[in-house]
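Trainee: Sending over entry-v3.txt (compact mmCIF, C-alpha atoms and all ligand atoms).
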# COMPACT_ATOMS: atom_id res chain seq x y z
CA MET A 1463 3.66 46.36 7.72
CA THR A 1464 5.10 44.32 4.89
CA SER A 1465 6.89 42.01 7.24
CA SER A 1466 3.78 41.34 9.33
CA TYR A 1467 1.88 40.44 6.15
CA LEU A 1468 4.77 38.18 5.32
CA SER A 1469 4.65 36.41 8.66
CA LEU A 1470 0.87 36.05 8.35
CA PHE A 1471 1.37 34.50 4.94
CA LEU A 1472 4.06 32.20 6.30
CA LEU A 1473 1.82 31.13 9.19
CA ALA A 1474 -1.08 30.39 6.80
CA PHE A 1475 1.30 28.44 4.63
CA LEU A 1476 2.56 26.37 7.56
CA ILE A 1477 -0.99 25.62 8.74
CA ALA A 1478 -2.18 24.68 5.24
CA ASN A 1479 0.79 22.36 4.80
CA GLY A 1480 0.75 21.00 8.34
CA PRO A 1481 0.43 17.29 7.42
CA THR A 1482 3.66 17.53 5.41
CA LEU A 1483 5.49 18.30 8.61
CA ALA A 1484 3.56 15.75 10.65
CA CYS A 1485 4.82 12.51 9.08
CA ILE A 1486 7.41 10.63 11.07
CA SER A 1487 10.56 9.67 9.14
CA PRO A 1488 10.80 7.64 6.87
CA PHE A 1489 7.10 8.27 6.08
CA PHE A 1490 6.18 11.08 3.72
CA SER A 1491 2.94 12.93 3.28
CA PHE A 1492 0.85 11.44 0.48
CA ASP A 1493 -2.79 12.39 -0.23
CA SER A 1494 -3.42 13.17 3.48
CA GLU A 1495 -1.86 9.90 4.64
CA CYS A 1496 1.69 9.16 5.69
CA VAL A 1497 3.21 6.55 3.39
CA TYR A 1498 6.50 4.71 3.05
CA VAL A 1499 7.24 2.51 0.02
CA ASP A 1500 10.39 0.47 0.69
CA PRO A 1501 11.98 -1.07 -2.45
CA VAL A 1502 14.87 -2.62 -0.50
CA THR A 1503 13.40 -4.44 2.49
CA SER A 1504 11.54 -7.64 1.58
CA GLY A 1505 9.97 -10.68 3.13
CA ASN A 1506 6.71 -12.57 3.43
CA TRP A 1507 3.42 -10.82 4.12
CA SER A 1508 3.40 -11.08 7.91
CA GLU A 1509 7.08 -10.16 8.20
CA MET A 1510 6.46 -6.99 6.19
CA ARG A 1511 3.38 -6.23 8.30
CA ASN A 1512 5.56 -6.46 11.39
CA TYR A 1513 8.16 -4.32 9.68
CA CYS A 1514 5.64 -1.51 9.09
CA GLN A 1515 4.54 -1.68 12.71
CA SER A 1516 8.16 -1.57 13.85
CA LEU A 1517 8.65 1.73 11.99
CA TYR A 1518 5.77 3.32 13.87
CA SER A 1519 3.20 1.77 16.20
CA ARG A 1520 0.20 3.16 14.26
CA ALA A 1521 1.56 2.04 10.89
CA ASP A 1522 0.49 -1.04 8.93
CA LEU A 1523 0.52 -2.38 5.39
CA ILE A 1524 -1.46 -0.05 3.16
CA SER A 1525 -5.19 -0.13 2.47
CA PHE A 1526 -6.94 1.66 -0.39
CA GLN A 1527 -10.20 3.44 0.39
CA SER A 1528 -10.55 5.08 -3.02
CA PHE A 1529 -9.49 4.31 -6.55
CA THR A 1530 -7.92 7.77 -6.82
CA TYR A 1531 -5.64 6.95 -3.93
CA PHE A 1532 -4.85 3.52 -5.40
CA GLY A 1533 -4.03 5.14 -8.76
CA ASP A 1534 -1.79 7.73 -7.10
CA ILE A 1535 0.23 5.00 -5.34
CA ILE A 1536 0.64 3.03 -8.59
CA GLU A 1537 1.75 6.22 -10.34
CA TYR A 1538 4.24 6.92 -7.55
CA ILE A 1539 5.74 3.43 -7.99
CA HIS A 1540 5.86 3.72 -11.81
CA ASP A 1541 7.54 7.13 -11.52
CA ARG A 1542 10.39 5.69 -9.43
CA GLY A 1543 11.55 3.61 -12.41
CA TRP A 1544 12.40 0.62 -10.20
CA PRO A 1545 12.74 -2.81 -11.78
CA LYS A 1546 9.53 -4.86 -11.61
CA GLN A 1547 8.80 -5.82 -8.02
CA VAL A 1548 6.05 -7.11 -5.78
CA PHE A 1549 4.63 -4.84 -3.06
CA TRP A 1550 2.52 -6.17 -0.22
CA VAL A 1551 -0.87 -4.61 0.47
CA GLY A 1552 -2.62 -4.99 3.85
CA GLY A 1553 -5.36 -7.23 2.45
CA THR A 1554 -6.02 -10.92 3.00
CA ASP A 1555 -8.63 -13.68 2.72
CA GLU A 1556 -6.68 -16.02 4.99
CA GLY A 1557 -9.10 -18.07 7.08
CA HIS A 1558 -12.17 -16.71 5.21
CA GLU A 1559 -11.55 -17.78 1.64
CA GLY A 1560 -13.01 -15.42 -0.95
CA VAL A 1561 -13.87 -12.69 1.56
CA TRP A 1562 -11.10 -10.13 1.23
CA SER A 1563 -10.61 -7.58 3.97
CA TYR A 1564 -8.01 -5.03 4.93
CA VAL A 1565 -6.10 -5.39 8.17
CA ASP A 1566 -8.37 -2.71 9.73
CA GLY A 1567 -11.32 -5.06 9.11
CA SER A 1568 -12.93 -3.12 6.25
CA LEU A 1569 -13.96 -5.13 3.19
CA MET A 1570 -11.84 -4.75 0.07
CA ALA A 1571 -13.50 -3.64 -3.15
CA MET A 1572 -13.33 -6.47 -5.68
CA GLY A 1573 -13.03 -6.50 -9.45
CA ALA A 1574 -11.98 -3.69 -11.76
CA PRO A 1575 -10.38 -1.25 -11.48
CA TYR A 1576 -8.35 -2.53 -8.51
CA TRP A 1577 -7.63 -6.16 -9.41
CA ALA A 1578 -5.51 -7.32 -12.34
CA LEU A 1579 -6.89 -9.02 -15.42
CA THR A 1580 -4.85 -11.88 -16.79
CA ASN A 1581 -5.28 -13.53 -20.14
CA CYS A 1582 -4.69 -17.24 -20.39
CA ASP A 1583 -7.41 -19.16 -22.25
CA GLY A 1584 -9.78 -16.27 -21.66
CA ILE A 1585 -9.79 -13.24 -19.39
CA ILE A 1586 -9.44 -14.04 -15.70
CA ILE A 1587 -9.78 -11.41 -13.03
CA GLN A 1588 -7.68 -11.68 -9.89
CA PRO A 1589 -7.87 -13.01 -7.22
CA ASP A 1590 -7.75 -16.53 -8.66
CA GLY A 1591 -5.47 -18.43 -6.27
CA ASN A 1592 -8.15 -19.99 -4.04
CA THR A 1593 -6.80 -21.21 -0.69
CA GLN A 1594 -3.25 -21.27 -2.10
CA GLN A 1595 -3.04 -17.48 -2.38
CA ASN A 1596 -4.39 -15.43 0.50
CA CYS A 1597 -2.41 -12.19 0.57
CA ALA A 1598 -2.86 -9.13 -1.66
CA ALA A 1599 0.01 -7.53 -3.54
CA LEU A 1600 0.74 -5.03 -6.30
CA ASP A 1601 2.74 -7.02 -8.84
CA GLY A 1602 4.98 -5.42 -11.48
CA ASP A 1603 4.14 -8.30 -13.79
CA TYR A 1604 0.54 -7.00 -13.75
CA TYR A 1605 1.43 -3.30 -14.08
CA TYR A 1606 1.01 -3.04 -10.28
CA TYR A 1607 -2.66 -3.87 -10.34
CA MET A 1608 -3.68 -6.02 -7.40
CA THR A 1609 -3.28 -9.78 -7.33
CA ASP A 1610 -3.44 -12.56 -4.73
CA LYS A 1611 -0.14 -14.22 -3.83
CA GLU A 1612 1.09 -16.92 -1.49
CA CYS A 1613 1.48 -15.23 1.92
CA GLU A 1614 4.77 -17.17 2.28
CA TYR A 1615 6.26 -15.46 -0.79
CA GLN A 1616 9.61 -14.11 0.47
CA HIS A 1617 10.26 -11.27 -1.96
CA GLY A 1618 7.44 -8.83 -1.30
CA HIS A 1619 8.32 -5.24 -0.39
CA PRO A 1620 6.23 -3.25 2.09
CA ILE A 1621 4.00 -0.27 1.38
CA CYS A 1622 3.48 1.06 4.90
CA TYR A 1623 1.10 3.83 5.87
CA TYR A 1624 -0.77 5.46 8.70
CA ASP A 1625 -3.54 8.06 8.90
CA SER A 1626 -1.91 11.44 9.43
C1 LIG B 1 7.13 -15.58 7.38
O1 LIG B 1 8.48 -15.60 7.77
C2 LIG B 1 8.67 -15.83 9.15
C3 LIG B 1 10.15 -15.67 9.43
O2 LIG B 1 10.92 -16.43 8.53
C4 LIG B 1 8.13 -17.20 9.53
O3 LIG B 1 8.28 -17.42 10.91
C5 LIG B 1 6.66 -17.27 9.16
O4 LIG B 1 6.15 -18.56 9.39
C6 LIG B 1 6.47 -16.90 7.71
N1 LIG B 1 5.03 -16.79 7.44
C7 LIG B 1 4.47 -17.36 6.41
C8 LIG B 1 3.02 -17.20 6.26
O5 LIG B 1 5.13 -17.98 5.60
CA CA B 2 -7.49 -17.02 -1.20
Would you mind giving the structure from this file in structure tokens?

Mentor:
Amino acid sequence: MTSSYLSLFLLAFLIANGPTLACISPFFSFDSECVYVDPVTSGNWSEMRNYCQSLYSRADLISFQSFTYFGDIIEYIHDRGWPKQVFWVGGTDEGHEGVWSYVDGSLMAMGAPYWALTNCDGIIIQPDGNTQQNCAALDGDYYYYMTDKECEYQHGHPICYYDS
């Protein structure tokens, strides 16, 4: 009797935590997505996009569909205690200046609370790089809020994800 309750409990536990088991290495389960933040591998935006796709065909640079999710990722990065770094996000306005979209085609939310505020001769909200800066990143210099960077920048690390 006891042992069959135990196996029922175990089964319920496994079902409830199914997504944890479903992520392909090196991805881990994160807020119902599979995510991999790589602080070692770096390159320009398209190289890191390719890198994510090489880890798993359905993977890509990350997109943020809610501020909660965005905040959780920033918290995860802060908690690692890594030195300040730049992490690529799957967002760009390349070829359609000022219209920012994720690689899945959905429009990116603009303004606070996603994008960084900078203070030089008055408060400026990112993105501010015009046609010079067309790729989105979380930058340690801006507390990992989002900013636009040159897509050619060689030292961005990937945040890869896929829908679990
Ligand atoms: C990114 O790097 C690759 C490999 O070095 C290069 O072929 C490509 O042109 C670069 N892309 C950009 C936008 O700089
Ligand atoms: Ca731009």

Trainee: Step by step, gather every atom of region 1483-1500 of chain A that the file lists, find the box along x, y and z that holds them, add 6 Å on each side, and finally give centre and edge lengths in Å to one decimal, as lines of an AutoDock Vina configuration file.

Mentor:
center_x = 3.7
center_y = 9.4
center_z = 5.4
size_x = 26.2
size_y = 29.8
size_z = 23.3

Trainee: Have a look at A:Val1548, A:Met1608, A:Val1561, A:Ala1521 and name the one nearest to Glu1495 (chain A); count all atoms listed in the file.

Mentor: A:Ala1521

Trainee: Please compute the atom CA of ligand CA 2 (chain B)-CA of Ala1598 (chain A) distance, one decimal, in Å.

Mentor: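 According to the coordinates, atom CA of ligand CA 2 (chain B) and CA of Ala1598 (chain A) are separated by 9.2 Å.
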
Trainee: Return as a list in words every polymer residue, whether protein, DNA or RNA, with at least one atom no more than 9 Å from an atom of ligand LIG 1 (chain B); count all atoms listed in the file.

Mentor: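 Checked against 9 Å with all atoms listed in the file; the hits are Gly1505, Asn1506, Trp1507, Ser1508, Glu1509, Met1510, Glu1612, Cys1613, Glu1614, Tyr1615 and Gln1616 of chain A.
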
Trainee: Could you write out that same residue set with C-alpha atoms as a short mmCIF file (atom, residue, chain, number, x, y, z; two decimals), keeping the file's coordinate frame?

Mentor:
data_model
loop_
_atom_site.label_atom_id
_atom_site.label_comp_id
_atom_site.auth_asym_id
_atom_site.auth_seq_id
_atom_site.Cartn_x
_atom_site.Cartn_y
_atom_site.Cartn_z
CA GLY A 1505 9.97 -10.68 3.13
CA ASN A 1506 6.71 -12.57 3.43
CA TRP A 1507 3.42 -10.82 4.12
CA SER A 1508 3.40 -11.08 7.91
CA GLU A 1509 7.08 -10.16 8.20
CA MET A 1510 6.46 -6.99 6.19
CA GLU A 1612 1.09 -16.92 -1.49
CA CYS A 1613 1.48 -15.23 1.92
CA GLU A 1614 4.77 -17.17 2.28
CA TYR A 1615 6.26 -15.46 -0.79
CA GLN A 1616 9.61 -14.11 0.47
#

Trainee: For ligand CA 2 (chain B), which residue among A:Ala1574, A:Leu1523, A:Cys1597, A:Ile1535 is the nearest when counting all atoms listed in the file?

Mentor: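 Looking at the shortest contact to ligand CA 2 (chain B), the residue is A:Cys1597.
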
Trainee: Counting all atoms listed in the file, what are the residues of chain A within 9 Å of ligand CA 2 (chain B), and for each of them which pair of atoms is the nearest and at what distance in Å, to one decimal? Sort the table by chain and rising number, as a tab-separated table.

Mentor:
residue	atom	partner	partner_atom	distance
A:Thr1554	CA	B:CA2	CA	7.6
A:Asp1555	CA	B:CA2	CA	5.3
A:Glu1556	CA	B:CA2	CA	6.3
A:Gly1557	CA	B:CA2	CA	8.5
A:His1558	CA	B:CA2	CA	7.9
A:Glu1559	CA	B:CA2	CA	5.0
A:Gly1560	CA	B:CA2	CA	5.8
A:Val1561	CA	B:CA2	CA	8.2
A:Trp1562	CA	B:CA2	CA	8.1
A:Pro1589	CA	B:CA2	CA	7.2
A:Asp1590	CA	B:CA2	CA	7.5
A:Gly1591	CA	B:CA2	CA	5.6
A:Asn1592	CA	B:CA2	CA	4.2
A:Thr1593	CA	B:CA2	CA	4.3
A:Gln1594	CA	B:CA2	CA	6.1
A:Gln1595	CA	B:CA2	CA	4.6
A:Asn1596	CA	B:CA2	CA	3.9
A:Cys1597	CA	B:CA2	CA	7.2
A:Asp1610	CA	B:CA2	CA	7.0
A:Lys1611	CA	B:CA2	CA	8.3
A:Glu1612	CA	B:CA2	CA	8.6

Trainee: Select, from A:Tyr1518, A:Trp1550, A:Tyr1624, A:Trp1577, the residue with the minimum atom-to-atom distance to Tyr1607 (chain A), counting all atoms listed in the file.

Mentor: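 Checking each candidate against Tyr1607 (chain A), we get A:Trp1577 as the closest.
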
Trainee: Determine, counting only C-alpha atoms, every residue of protein, DNA or RNA that lies within 9 Å of (9.9, -5.0, -11.0) in the file coordinates, then give the result as a PyMOL selection string.

Mentor: chain A and resi 1543-1548+1601-1603

Trainee: Between CA of Asp1534 (chain A) and CA of Ser1504 (chain A), what distance in Å does the model show, to one decimal?

Mentor: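 Pair CA of Asp1534 (chain A) / CA of Ser1504 (chain A) returns 22.1 Å.
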
Trainee: What is the distance, in Å and to one decimal place, between CA of Tyr1538 (chain A) and CA of Asn1581 (chain A)?

Mentor: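 Between CA of Tyr1538 (chain A) and CA of Asn1581 (chain A) the gap is 25.8 Å.
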
Trainee: I want to know what sits within 6 Å of Tyr1623 (chain A), based on only C-alpha atoms, with residues of the same chain fewer than 5 positions away left out; could you give that as a list in words?

Mentor: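 The filter keeps Cys1496, Val1497, Ala1521, Asp1522 and Ile1524 of chain A.
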
Trainee: Tell me which protein, DNA and RNA residues are within 10 Å of Ser1528 (chain A), counting only C-alpha atoms, leaving out same-chain ones fewer than 4 positions away, and put them as a PDB file with C-alpha atoms, keeping the file's coordinate frame.

Mentor:
ATOM      1  CA  PHE A1532      -4.850   3.520  -5.400  1.00  0.00           C
ATOM      2  CA  GLY A1533      -4.030   5.140  -8.760  1.00  0.00           C
ATOM      3  CA  ALA A1571     -13.500  -3.640  -3.150  1.00  0.00           C
ATOM      4  CA  TYR A1576      -8.350  -2.530  -8.510  1.00  0.00           C
TER       5      TYR A1576
END

Trainee: Find the residue from A:Tyr1564, A:Phe1489, A:Tyr1606, A:Phe1526 that sits nearest to Arg1511 (chain A); use only C-alpha atoms when measuring.

Mentor: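 Ranking A:Tyr1564, A:Phe1489, A:Tyr1606, A:Phe1526 by distance to Arg1511 (chain A), first place goes to A:Tyr1564.
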
Trainee: Find the residue from A:Gly1573, A:Asp1493, A:Pro1620, A:Thr1609 that sits nearest to Thr1530 (chain A); use all atoms listed in the file when measuring.

Mentor: A:Asp1493

Trainee: Any chance you could build region 1483-1515 of chain A out to N, CA and C atoms and write it as a PDB file, in the coordinates of the input?

Mentor:
ATOM      1  N   LEU A1483       4.522  18.266   7.525  1.00  0.00           N
ATOM      2  CA  LEU A1483       5.490  18.300   8.610  1.00  0.00           C
ATOM      3  C   LEU A1483       5.211  17.191   9.614  1.00  0.00           C
ATOM      4  N   ALA A1484       3.984  16.637   9.586  1.00  0.00           N
ATOM      5  CA  ALA A1484       3.560  15.750  10.650  1.00  0.00           C
ATOM      6  C   ALA A1484       4.042  14.306  10.484  1.00  0.00           C
ATOM      7  N   CYS A1485       4.446  13.912   9.275  1.00  0.00           N
ATOM      8  CA  CYS A1485       4.820  12.510   9.080  1.00  0.00           C
ATOM      9  C   CYS A1485       6.165  12.205   9.715  1.00  0.00           C
ATOM     10  N   ILE A1486       6.199  11.068  10.397  1.00  0.00           N
ATOM     11  CA  ILE A1486       7.410  10.630  11.070  1.00  0.00           C
ATOM     12  C   ILE A1486       8.323   9.949  10.052  1.00  0.00           C
ATOM     13  N   SER A1487       9.600  10.278  10.063  1.00  0.00           N
ATOM     14  CA  SER A1487      10.560   9.670   9.140  1.00  0.00           C
ATOM     15  C   SER A1487      10.565   8.143   9.338  1.00  0.00           C
ATOM     16  N   PRO A1488      10.600   7.325   8.282  1.00  0.00           N
ATOM     17  CA  PRO A1488      10.800   7.640   6.870  1.00  0.00           C
ATOM     18  C   PRO A1488       9.502   7.870   6.087  1.00  0.00           C
ATOM     19  N   PHE A1489       8.374   8.068   6.774  1.00  0.00           N
ATOM     20  CA  PHE A1489       7.100   8.270   6.080  1.00  0.00           C
ATOM     21  C   PHE A1489       7.070   9.648   5.447  1.00  0.00           C
ATOM     22  N   PHE A1490       6.363   9.773   4.323  1.00  0.00           N
ATOM     23  CA  PHE A1490       6.180  11.080   3.720  1.00  0.00           C
ATOM     24  C   PHE A1490       4.691  11.309   3.509  1.00  0.00           C
ATOM     25  N   SER A1491       4.334  12.572   3.424  1.00  0.00           N
ATOM     26  CA  SER A1491       2.940  12.930   3.280  1.00  0.00           C
ATOM     27  C   SER A1491       2.467  12.597   1.869  1.00  0.00           C
ATOM     28  N   PHE A1492       1.341  11.897   1.785  1.00  0.00           N
ATOM     29  CA  PHE A1492       0.850  11.440   0.480  1.00  0.00           C
ATOM     30  C   PHE A1492      -0.674  11.431   0.533  1.00  0.00           C
ATOM     31  N   ASP A1493      -1.325  12.345  -0.202  1.00  0.00           N
ATOM     32  CA  ASP A1493      -2.790  12.390  -0.230  1.00  0.00           C
ATOM     33  C   ASP A1493      -3.394  12.305   1.173  1.00  0.00           C
ATOM     34  N   SER A1494      -2.920  13.084   2.101  1.00  0.00           N
ATOM     35  CA  SER A1494      -3.420  13.170   3.480  1.00  0.00           C
ATOM     36  C   SER A1494      -3.176  11.911   4.323  1.00  0.00           C
ATOM     37  N   GLU A1495      -2.346  11.009   3.822  1.00  0.00           N
ATOM     38  CA  GLU A1495      -1.860   9.900   4.640  1.00  0.00           C
ATOM     39  C   GLU A1495      -0.348  10.047   4.759  1.00  0.00           C
ATOM     40  N   CYS A1496       0.246   9.256   5.649  1.00  0.00           N
ATOM     41  CA  CYS A1496       1.690   9.160   5.690  1.00  0.00           C
ATOM     42  C   CYS A1496       2.062   7.790   5.148  1.00  0.00           C
ATOM     43  N   VAL A1497       2.933   7.770   4.148  1.00  0.00           N
ATOM     44  CA  VAL A1497       3.210   6.550   3.390  1.00  0.00           C
ATOM     45  C   VAL A1497       4.713   6.321   3.325  1.00  0.00           C
ATOM     46  N   TYR A1498       5.103   5.045   3.290  1.00  0.00           N
ATOM     47  CA  TYR A1498       6.500   4.710   3.050  1.00  0.00           C
ATOM     48  C   TYR A1498       6.559   3.473   2.169  1.00  0.00           C
ATOM     49  N   VAL A1499       7.076   3.627   0.959  1.00  0.00           N
ATOM     50  CA  VAL A1499       7.240   2.510   0.020  1.00  0.00           C
ATOM     51  C   VAL A1499       8.710   2.120   0.068  1.00  0.00           C
ATOM     52  N   ASP A1500       8.995   0.900   0.482  1.00  0.00           N
ATOM     53  CA  ASP A1500      10.390   0.470   0.690  1.00  0.00           C
ATOM     54  C   ASP A1500      10.777  -0.554  -0.381  1.00  0.00           C
ATOM     55  N   PRO A1501      11.619  -0.161  -1.355  1.00  0.00           N
ATOM     56  CA  PRO A1501      11.980  -1.070  -2.450  1.00  0.00           C
ATOM     57  C   PRO A1501      13.142  -1.982  -2.100  1.00  0.00           C
ATOM     58  N   VAL A1502      13.671  -1.866  -0.886  1.00  0.00           N
ATOM     59  CA  VAL A1502      14.870  -2.620  -0.500  1.00  0.00           C
ATOM     60  C   VAL A1502      14.509  -3.766   0.450  1.00  0.00           C
ATOM     61  N   THR A1503      13.792  -3.429   1.512  1.00  0.00           N
ATOM     62  CA  THR A1503      13.400  -4.440   2.490  1.00  0.00           C
ATOM     63  C   THR A1503      12.368  -5.385   1.889  1.00  0.00           C
ATOM     64  N   SER A1504      12.525  -6.690   2.111  1.00  0.00           N
ATOM     65  CA  SER A1504      11.540  -7.640   1.580  1.00  0.00           C
ATOM     66  C   SER A1504      11.384  -8.834   2.499  1.00  0.00           C
ATOM     67  N   GLY A1505      10.266  -9.500   2.326  1.00  0.00           N
ATOM     68  CA  GLY A1505       9.970 -10.680   3.130  1.00  0.00           C
ATOM     69  C   GLY A1505       8.569 -11.156   2.846  1.00  0.00           C
ATOM     70  N   ASN A1506       8.082 -12.104   3.644  1.00  0.00           N
ATOM     71  CA  ASN A1506       6.710 -12.570   3.430  1.00  0.00           C
ATOM     72  C   ASN A1506       5.721 -11.540   4.005  1.00  0.00           C
ATOM     73  N   TRP A1507       4.439 -11.831   3.794  1.00  0.00           N
ATOM     74  CA  TRP A1507       3.420 -10.820   4.120  1.00  0.00           C
ATOM     75  C   TRP A1507       3.434 -10.432   5.592  1.00  0.00           C
ATOM     76  N   SER A1508       3.465 -11.440   6.490  1.00  0.00           N
ATOM     77  CA  SER A1508       3.400 -11.080   7.910  1.00  0.00           C
ATOM     78  C   SER A1508       4.693 -10.435   8.400  1.00  0.00           C
ATOM     79  N   GLU A1509       5.831 -10.841   7.842  1.00  0.00           N
ATOM     80  CA  GLU A1509       7.080 -10.160   8.200  1.00  0.00           C
ATOM     81  C   GLU A1509       7.031  -8.679   7.833  1.00  0.00           C
ATOM     82  N   MET A1510       6.500  -8.380   6.642  1.00  0.00           N
ATOM     83  CA  MET A1510       6.460  -6.990   6.190  1.00  0.00           C
ATOM     84  C   MET A1510       5.400  -6.188   6.954  1.00  0.00           C
ATOM     85  N   ARG A1511       4.359  -6.883   7.416  1.00  0.00           N
ATOM     86  CA  ARG A1511       3.380  -6.230   8.300  1.00  0.00           C
ATOM     87  C   ARG A1511       4.062  -5.814   9.597  1.00  0.00           C
ATOM     88  N   ASN A1512       4.812  -6.765  10.158  1.00  0.00           N
ATOM     89  CA  ASN A1512       5.560  -6.460  11.390  1.00  0.00           C
ATOM     90  C   ASN A1512       6.556  -5.331  11.175  1.00  0.00           C
ATOM     91  N   TYR A1513       7.176  -5.353  10.003  1.00  0.00           N
ATOM     92  CA  TYR A1513       8.160  -4.320   9.680  1.00  0.00           C
ATOM     93  C   TYR A1513       7.513  -2.932   9.713  1.00  0.00           C
ATOM     94  N   CYS A1514       6.346  -2.798   9.070  1.00  0.00           N
ATOM     95  CA  CYS A1514       5.640  -1.510   9.090  1.00  0.00           C
ATOM     96  C   CYS A1514       5.356  -1.069  10.520  1.00  0.00           C
ATOM     97  N   GLN A1515       4.882  -2.022  11.328  1.00  0.00           N
ATOM     98  CA  GLN A1515       4.540  -1.680  12.710  1.00  0.00           C
ATOM     99  C   GLN A1515       5.780  -1.327  13.523  1.00  0.00           C
TER     100      GLN A1515
END
